[in-house]
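Coordinates as given in protein.cif (mmCIF, C-alpha atoms):
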```
data_protein
#
loop_
_atom_site.label_atom_id
_atom_site.label_comp_id
_atom_site.auth_asym_id
_atom_site.auth_seq_id
_atom_site.Cartn_x
_atom_site.Cartn_y
_atom_site.Cartn_z
CA MET U 1 111.79 -327.01 -168.87
CA PHE U 2 108.56 -325.04 -168.80
CA SER U 3 106.54 -324.01 -165.82
CA ILE U 4 104.02 -321.39 -164.80
CA ILE U 5 103.45 -320.08 -161.28
CA GLY U 6 100.54 -321.90 -159.74
CA LYS U 7 98.19 -324.35 -161.43
CA MET U 8 95.76 -321.68 -162.63
CA ALA U 9 98.16 -318.82 -163.31
CA LYS U 10 96.92 -316.44 -165.98
CA LEU U 11 99.43 -314.65 -168.17
CA ARG U 12 98.69 -310.96 -168.71
CA PRO U 13 99.13 -309.23 -172.07
CA VAL U 14 102.07 -306.81 -172.03
CA LYS U 15 103.06 -303.68 -173.94
CA ALA U 16 106.84 -303.60 -173.42
CA CYS U 17 109.73 -305.95 -172.70
CA ILE U 18 112.80 -305.46 -170.51
CA PHE U 19 115.87 -307.67 -170.88
CA ASP U 20 118.69 -308.53 -168.51
CA MET U 21 122.00 -309.03 -170.33
CA ASP U 22 124.54 -311.33 -168.65
CA GLY U 23 123.59 -314.98 -168.98
CA LEU U 24 120.37 -314.03 -170.79
CA ILE U 25 121.45 -312.27 -174.00
CA LEU U 26 125.20 -312.79 -173.74
CA ASP U 27 126.98 -315.95 -172.62
CA THR U 28 129.15 -314.23 -170.02
CA GLU U 29 128.52 -316.17 -166.81
CA THR U 30 131.23 -318.77 -167.46
CA LEU U 31 133.61 -315.91 -168.24
CA TYR U 32 132.70 -314.20 -164.95
CA SER U 33 133.53 -317.43 -163.12
CA LYS U 34 136.90 -317.59 -164.85
CA ALA U 35 137.60 -313.93 -164.05
CA THR U 36 136.81 -314.49 -160.38
CA GLN U 37 138.91 -317.64 -160.15
CA ASN U 38 141.81 -315.85 -161.83
CA ILE U 39 141.73 -313.17 -159.13
CA LEU U 40 141.57 -315.76 -156.36
CA ASP U 41 144.58 -317.54 -157.84
CA GLU U 42 146.55 -314.33 -158.39
CA THR U 43 146.04 -313.22 -154.78
CA GLY U 44 147.04 -316.59 -153.33
CA VAL U 45 143.59 -317.61 -152.14
CA LYS U 46 143.65 -321.39 -152.43
CA ARG U 47 139.92 -321.83 -152.83
CA THR U 48 137.57 -322.49 -155.71
CA TYR U 49 134.84 -320.11 -156.79
CA THR U 50 131.93 -322.48 -156.35
CA TRP U 51 128.45 -322.55 -157.82
CA ASP U 52 126.71 -322.26 -154.46
CA VAL U 53 128.36 -318.87 -153.98
CA LYS U 54 127.99 -317.75 -157.58
CA GLN U 55 124.23 -318.28 -157.79
CA THR U 56 123.67 -315.96 -154.82
CA LEU U 57 125.64 -313.19 -156.55
CA MET U 58 124.19 -313.39 -160.06
CA GLY U 59 122.38 -310.20 -161.02
CA LEU U 60 123.89 -308.02 -158.28
CA GLN U 61 125.69 -304.76 -159.03
CA ARG U 62 129.46 -305.00 -159.22
CA GLU U 63 130.09 -303.07 -155.98
CA GLU U 64 127.94 -305.50 -154.00
CA VAL U 65 129.51 -308.50 -155.75
CA SER U 66 133.00 -307.20 -154.99
CA LYS U 67 132.23 -306.64 -151.31
CA ARG U 68 130.72 -310.08 -150.89
CA ILE U 69 133.47 -311.98 -152.70
CA VAL U 70 136.23 -310.20 -150.76
CA GLU U 71 134.43 -311.09 -147.52
CA ILE U 72 133.49 -314.68 -148.41
CA TYR U 73 136.95 -315.63 -149.67
CA ASP U 74 138.93 -313.36 -147.33
CA ILE U 75 140.82 -311.90 -150.29
CA PRO U 76 143.76 -309.64 -149.29
CA LEU U 77 142.33 -306.73 -151.27
CA THR U 78 139.89 -303.95 -150.58
CA TRP U 79 136.62 -304.32 -152.43
CA GLU U 80 137.62 -301.36 -154.58
CA GLU U 81 140.86 -303.11 -155.55
CA TYR U 82 138.97 -306.29 -156.31
CA MET U 83 136.48 -304.42 -158.48
CA HIS U 84 139.33 -302.81 -160.42
CA ARG U 85 140.92 -306.21 -161.04
CA GLN U 86 137.59 -307.65 -162.10
CA GLN U 87 137.19 -304.88 -164.68
CA GLU U 88 140.66 -305.69 -166.00
CA GLN U 89 139.62 -309.33 -166.35
CA ILE U 90 136.39 -308.34 -168.09
CA GLU U 91 138.31 -306.31 -170.66
CA ILE U 92 140.49 -309.33 -171.39
CA LEU U 93 137.92 -312.12 -171.36
CA MET U 94 134.62 -310.63 -172.45
CA GLN U 95 135.41 -308.95 -175.76
CA ASN U 96 134.25 -312.03 -177.63
CA ALA U 97 131.13 -312.81 -175.60
CA GLN U 98 128.70 -314.85 -177.72
CA LEU U 99 124.93 -314.51 -177.95
CA MET U 100 122.71 -316.96 -176.08
CA PRO U 101 120.37 -319.19 -178.15
CA GLY U 102 117.20 -317.42 -179.25
CA ALA U 103 118.24 -313.98 -177.98
CA GLU U 104 118.90 -312.28 -181.31
CA ARG U 105 115.77 -313.73 -182.93
CA LEU U 106 113.54 -312.49 -180.11
CA ILE U 107 115.08 -309.01 -179.87
CA ARG U 108 114.81 -308.46 -183.64
CA HIS U 109 111.27 -309.83 -183.71
CA LEU U 110 110.06 -307.47 -180.99
CA HIS U 111 111.83 -304.50 -182.55
CA ASP U 112 110.48 -305.27 -186.03
CA ASN U 113 106.96 -305.45 -184.59
CA ASP U 114 107.27 -302.10 -182.77
CA VAL U 115 107.22 -303.63 -179.30
CA PRO U 116 109.19 -301.27 -177.01
CA ILE U 117 112.27 -303.01 -175.60
CA ALA U 118 114.82 -301.90 -173.01
CA LEU U 119 117.96 -303.31 -171.46
CA ALA U 120 118.28 -303.41 -167.66
CA THR U 121 121.65 -304.80 -166.62
CA SER U 122 123.51 -304.59 -163.34
CA SER U 123 126.73 -304.09 -165.31
CA GLY U 124 128.23 -300.63 -165.60
CA GLU U 125 128.56 -298.63 -168.80
CA ASP U 126 132.23 -299.53 -169.24
CA SER U 127 131.56 -303.26 -168.88
CA VAL U 128 128.61 -303.13 -171.27
CA ALA U 129 130.80 -301.45 -173.88
CA VAL U 130 133.31 -304.30 -173.70
CA LYS U 131 130.77 -307.12 -173.73
CA THR U 132 128.71 -305.72 -176.61
CA LYS U 133 131.69 -304.70 -178.75
CA HIS U 134 130.91 -307.19 -181.51
CA HIS U 135 127.11 -306.90 -181.21
CA GLN U 136 126.63 -303.14 -181.36
CA GLU U 137 124.02 -303.21 -184.12
CA LEU U 138 121.83 -305.64 -182.19
CA PHE U 139 122.07 -303.68 -178.95
CA SER U 140 121.26 -300.46 -180.80
CA LEU U 141 117.74 -301.84 -181.27
CA PHE U 142 116.90 -301.23 -177.60
CA HIS U 143 114.94 -298.03 -176.96
CA HIS U 144 117.19 -297.37 -173.96
CA LYS U 145 119.64 -299.07 -171.63
CA VAL U 146 119.73 -298.88 -167.84
CA MET U 147 123.17 -299.89 -166.54
CA GLY U 148 122.77 -300.31 -162.82
CA SER U 149 126.36 -300.09 -161.65
CA SER U 150 126.86 -296.68 -163.26
CA ASP U 151 123.34 -295.20 -163.37
CA PRO U 152 122.89 -292.64 -160.55
CA GLU U 153 119.11 -293.16 -160.52
CA VAL U 154 119.47 -296.84 -159.60
CA LYS U 155 119.81 -296.39 -155.85
CA GLN U 156 119.54 -300.10 -155.00
CA GLY U 157 120.59 -302.99 -157.20
CA LYS U 158 118.75 -306.25 -157.78
CA PRO U 159 116.97 -307.88 -155.95
CA ALA U 160 115.46 -304.42 -155.29
CA PRO U 161 113.03 -303.39 -158.06
CA ASP U 162 114.68 -300.02 -158.84
CA ILE U 163 116.34 -300.92 -162.14
CA PHE U 164 113.17 -302.33 -163.70
CA LEU U 165 110.97 -299.48 -162.49
CA ILE U 166 113.40 -296.96 -163.95
CA ALA U 167 113.55 -298.91 -167.21
CA ALA U 168 109.75 -298.78 -167.45
CA GLN U 169 109.69 -295.03 -166.78
CA ARG U 170 112.11 -294.28 -169.62
CA PHE U 171 110.07 -295.64 -172.49
CA LYS U 172 108.97 -292.90 -174.90
CA GLU U 173 105.32 -293.64 -174.23
CA GLN U 174 104.19 -294.29 -170.67
CA VAL U 175 104.16 -297.96 -169.74
CA ASN U 176 102.94 -299.14 -166.35
CA PRO U 177 105.04 -301.74 -164.51
CA GLU U 178 102.31 -304.38 -164.79
CA GLU U 179 102.40 -303.92 -168.57
CA CYS U 180 106.09 -304.90 -168.74
CA LEU U 181 107.55 -308.35 -169.26
CA VAL U 182 111.04 -308.99 -167.89
CA PHE U 183 113.47 -311.60 -169.23
CA GLU U 184 115.96 -312.81 -166.63
CA ASP U 185 118.31 -315.68 -165.86
CA ALA U 186 119.18 -314.94 -162.24
CA PRO U 187 117.09 -315.43 -159.08
CA ASN U 188 118.00 -311.93 -157.84
CA GLY U 189 116.73 -310.49 -161.11
CA VAL U 190 113.48 -312.44 -160.90
CA THR U 191 112.91 -311.14 -157.38
CA ALA U 192 113.51 -307.59 -158.61
CA ALA U 193 111.05 -307.99 -161.49
CA VAL U 194 108.32 -309.51 -159.34
CA SER U 195 108.86 -306.82 -156.69
CA ALA U 196 108.34 -304.24 -159.44
CA GLY U 197 104.95 -305.78 -160.21
CA MET U 198 106.10 -307.23 -163.52
CA GLN U 199 105.75 -310.68 -165.02
CA CYS U 200 109.05 -312.46 -165.51
CA VAL U 201 110.26 -315.09 -167.96
CA MET U 202 113.24 -316.88 -166.45
CA VAL U 203 115.85 -318.77 -168.46
CA PRO U 204 118.05 -320.13 -165.65
CA ASP U 205 121.37 -321.88 -165.82
CA GLU U 206 120.71 -325.61 -165.57
CA GLN U 207 122.62 -325.69 -162.28
CA ILE U 208 120.27 -323.29 -160.53
CA SER U 209 118.03 -325.15 -158.11
CA LYS U 210 114.34 -325.32 -158.98
CA ASP U 211 113.50 -323.78 -155.62
CA LEU U 212 115.21 -320.55 -156.74
CA CYS U 213 113.06 -320.45 -159.89
CA LYS U 214 109.67 -320.73 -158.25
CA HIS U 215 108.85 -317.01 -158.25
CA ALA U 216 109.21 -316.59 -162.01
CA THR U 217 106.01 -316.34 -164.05
CA VAL U 218 107.40 -318.73 -166.67
CA VAL U 219 110.59 -320.80 -166.64
CA LEU U 220 112.10 -321.82 -169.97
CA LYS U 221 115.11 -323.87 -170.98
CA SER U 222 116.00 -321.36 -173.70
CA LEU U 223 114.70 -318.13 -175.26
CA GLU U 224 114.13 -320.30 -178.32
CA ASP U 225 111.15 -321.75 -176.43
CA PHE U 226 109.47 -318.40 -175.79
CA LYS U 227 106.05 -317.88 -177.38
CA PRO U 228 105.30 -314.15 -177.70
CA GLU U 229 101.58 -314.75 -178.22
CA ASP U 230 101.31 -316.12 -174.66
CA PHE U 231 101.73 -312.53 -173.47
CA GLY U 232 99.66 -310.87 -176.20
CA LEU U 233 102.69 -310.08 -178.35
CA PRO U 234 102.94 -310.67 -182.12
CA PRO U 235 103.82 -314.34 -182.80
CA PHE U 236 106.91 -315.40 -184.71
CA LYS U 237 106.20 -315.76 -188.42
CA SER U 238 108.03 -319.07 -188.60
#
```

For the structure just supplied, provide its representation as structure tokens.
Amino acid sequence: MFSIIGKMAKLRPVKACIFDMDGLILDTETLYSKATQNILDETGVKRTYTWDVKQTLMGLQREEVSKRIVEIYDIPLTWEEYMHRQQEQIEILMQNAQLMPGAERLIRHLHDNDVPIALATSSGEDSVAVKTKHHQELFSLFHHKVMGSSDPEVKQGKPAPDIFLIAAQRFKEQVNPEECLVFEDAPNGVTAAVSAGMQCVMVPDEQISKDLCKHATVVLKSLEDFKPEDFGLPPFKS
């Protein structure tokens, strides 16, 4: 899968890159589905956590996700109770989250070529610590991390642009939003990036409808297919 917005879209050179985490760097989305279904089962809700619901929630901060799931599935919990149970599930299921194809190669390549990189995830600091437990060296390569669910400066979560604008502001050297390239897997994240005035490479789950991918600058099947030189970045050596 490869597409570019519009027939004559021109890709702009960039100076910095901002990465989402869940479903983009780490293969956590299937684990999130399992965690949610476990809570539904434990609370006696005889319904299945379906893809049509999930794809609308991907990329949102955990408070918003909790409120929506409790409402949609009429779970006999407050959203705060649900969020607490979800964190318990995360600590059980996500300690062994694996890297997505092409993620490590790209992150190391950009770092080794002095391209500023940041993480901008809707997850909170506690969740990030669990998910990255076995990949700490790789995640240490990011100049900084913005963790939306626990960062007081992120007033509105994705699809609002806040998290990406804040990520751009925190680079050591000033980088304008239009000079940033965002990597995302979720439609809400793409909307946030585009709203921030940034170009966005989307690597969606194969189940996401094409209509929800149309606002991305580029859509790829995998990060393995990304060509840095398309955005004025140093090409891979091999």

Run through the PyMOL selection byres ((chain U and resi 134) around 9) on the given coordinates and return the selected residues as a PyMOL selection string.
chain U and resi 95-98+130-133+135-137

Please tabulate, as a Markdown table, the residues of segment 30-118 of chain U that come within 12 Å of segment 187-210 of chain U, each with its closest pair of atoms and the distance in Å to one decimal, counting all atoms listed in the file and ordering rows by chain, then residue number upward.
```
| residue | atom | partner | partner_atom | distance |
| --- | --- | --- | --- | --- |
| U:Thr30 | CA | U:Asp205 | CA | 10.5 |
| U:Thr50 | CA | U:Gln207 | CA | 11.5 |
| U:Trp51 | CA | U:Gln207 | CA | 8.0 |
| U:Asp52 | CA | U:Ile208 | CA | 8.9 |
| U:Val53 | CA | U:Ile208 | CA | 11.3 |
| U:Lys54 | CA | U:Ile208 | CA | 9.9 |
| U:Gln55 | CA | U:Ile208 | CA | 6.9 |
| U:Thr56 | CA | U:Asn188 | CA | 7.6 |
| U:Leu57 | CA | U:Asn188 | CA | 7.8 |
| U:Met58 | CA | U:Asn188 | CA | 6.7 |
| U:Gly59 | CA | U:Gly189 | CA | 5.7 |
| U:Leu60 | CA | U:Asn188 | CA | 7.1 |
| U:Gln61 | CA | U:Asn188 | CA | 10.6 |
| U:Met100 | CA | U:Val203 | CA | 10.4 |
| U:Pro101 | CA | U:Val203 | CA | 10.7 |
| U:Gly102 | CA | U:Val203 | CA | 11.0 |
| U:Ala103 | CA | U:Val203 | CA | 10.9 |
```

If you apply the PyMOL selection byres ((chain U and resi 141) around 8) to this file, what residues do you get, as an NGL selection string?
:U and (107-108 or 111 or 117 or 137-140 or 142-143)

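With atom CA of Lys145 of chain U on one side and atom CA of Thr121 of chain U on the other, the separation reads 7.9 Å.
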
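Among the candidate residues U:Ala129, U:Leu11, U:Met21, U:Val175, the one lying nearest to Thr217 of chain U is U:Leu11, with distances computed using all atoms listed in the file.
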
Return the single residue from U:Gly148, U:Gly157, U:Pro235, U:Gly44 that is closest to Leu119 of chain U, with distances computed using only C-alpha atoms.
U:Gly148
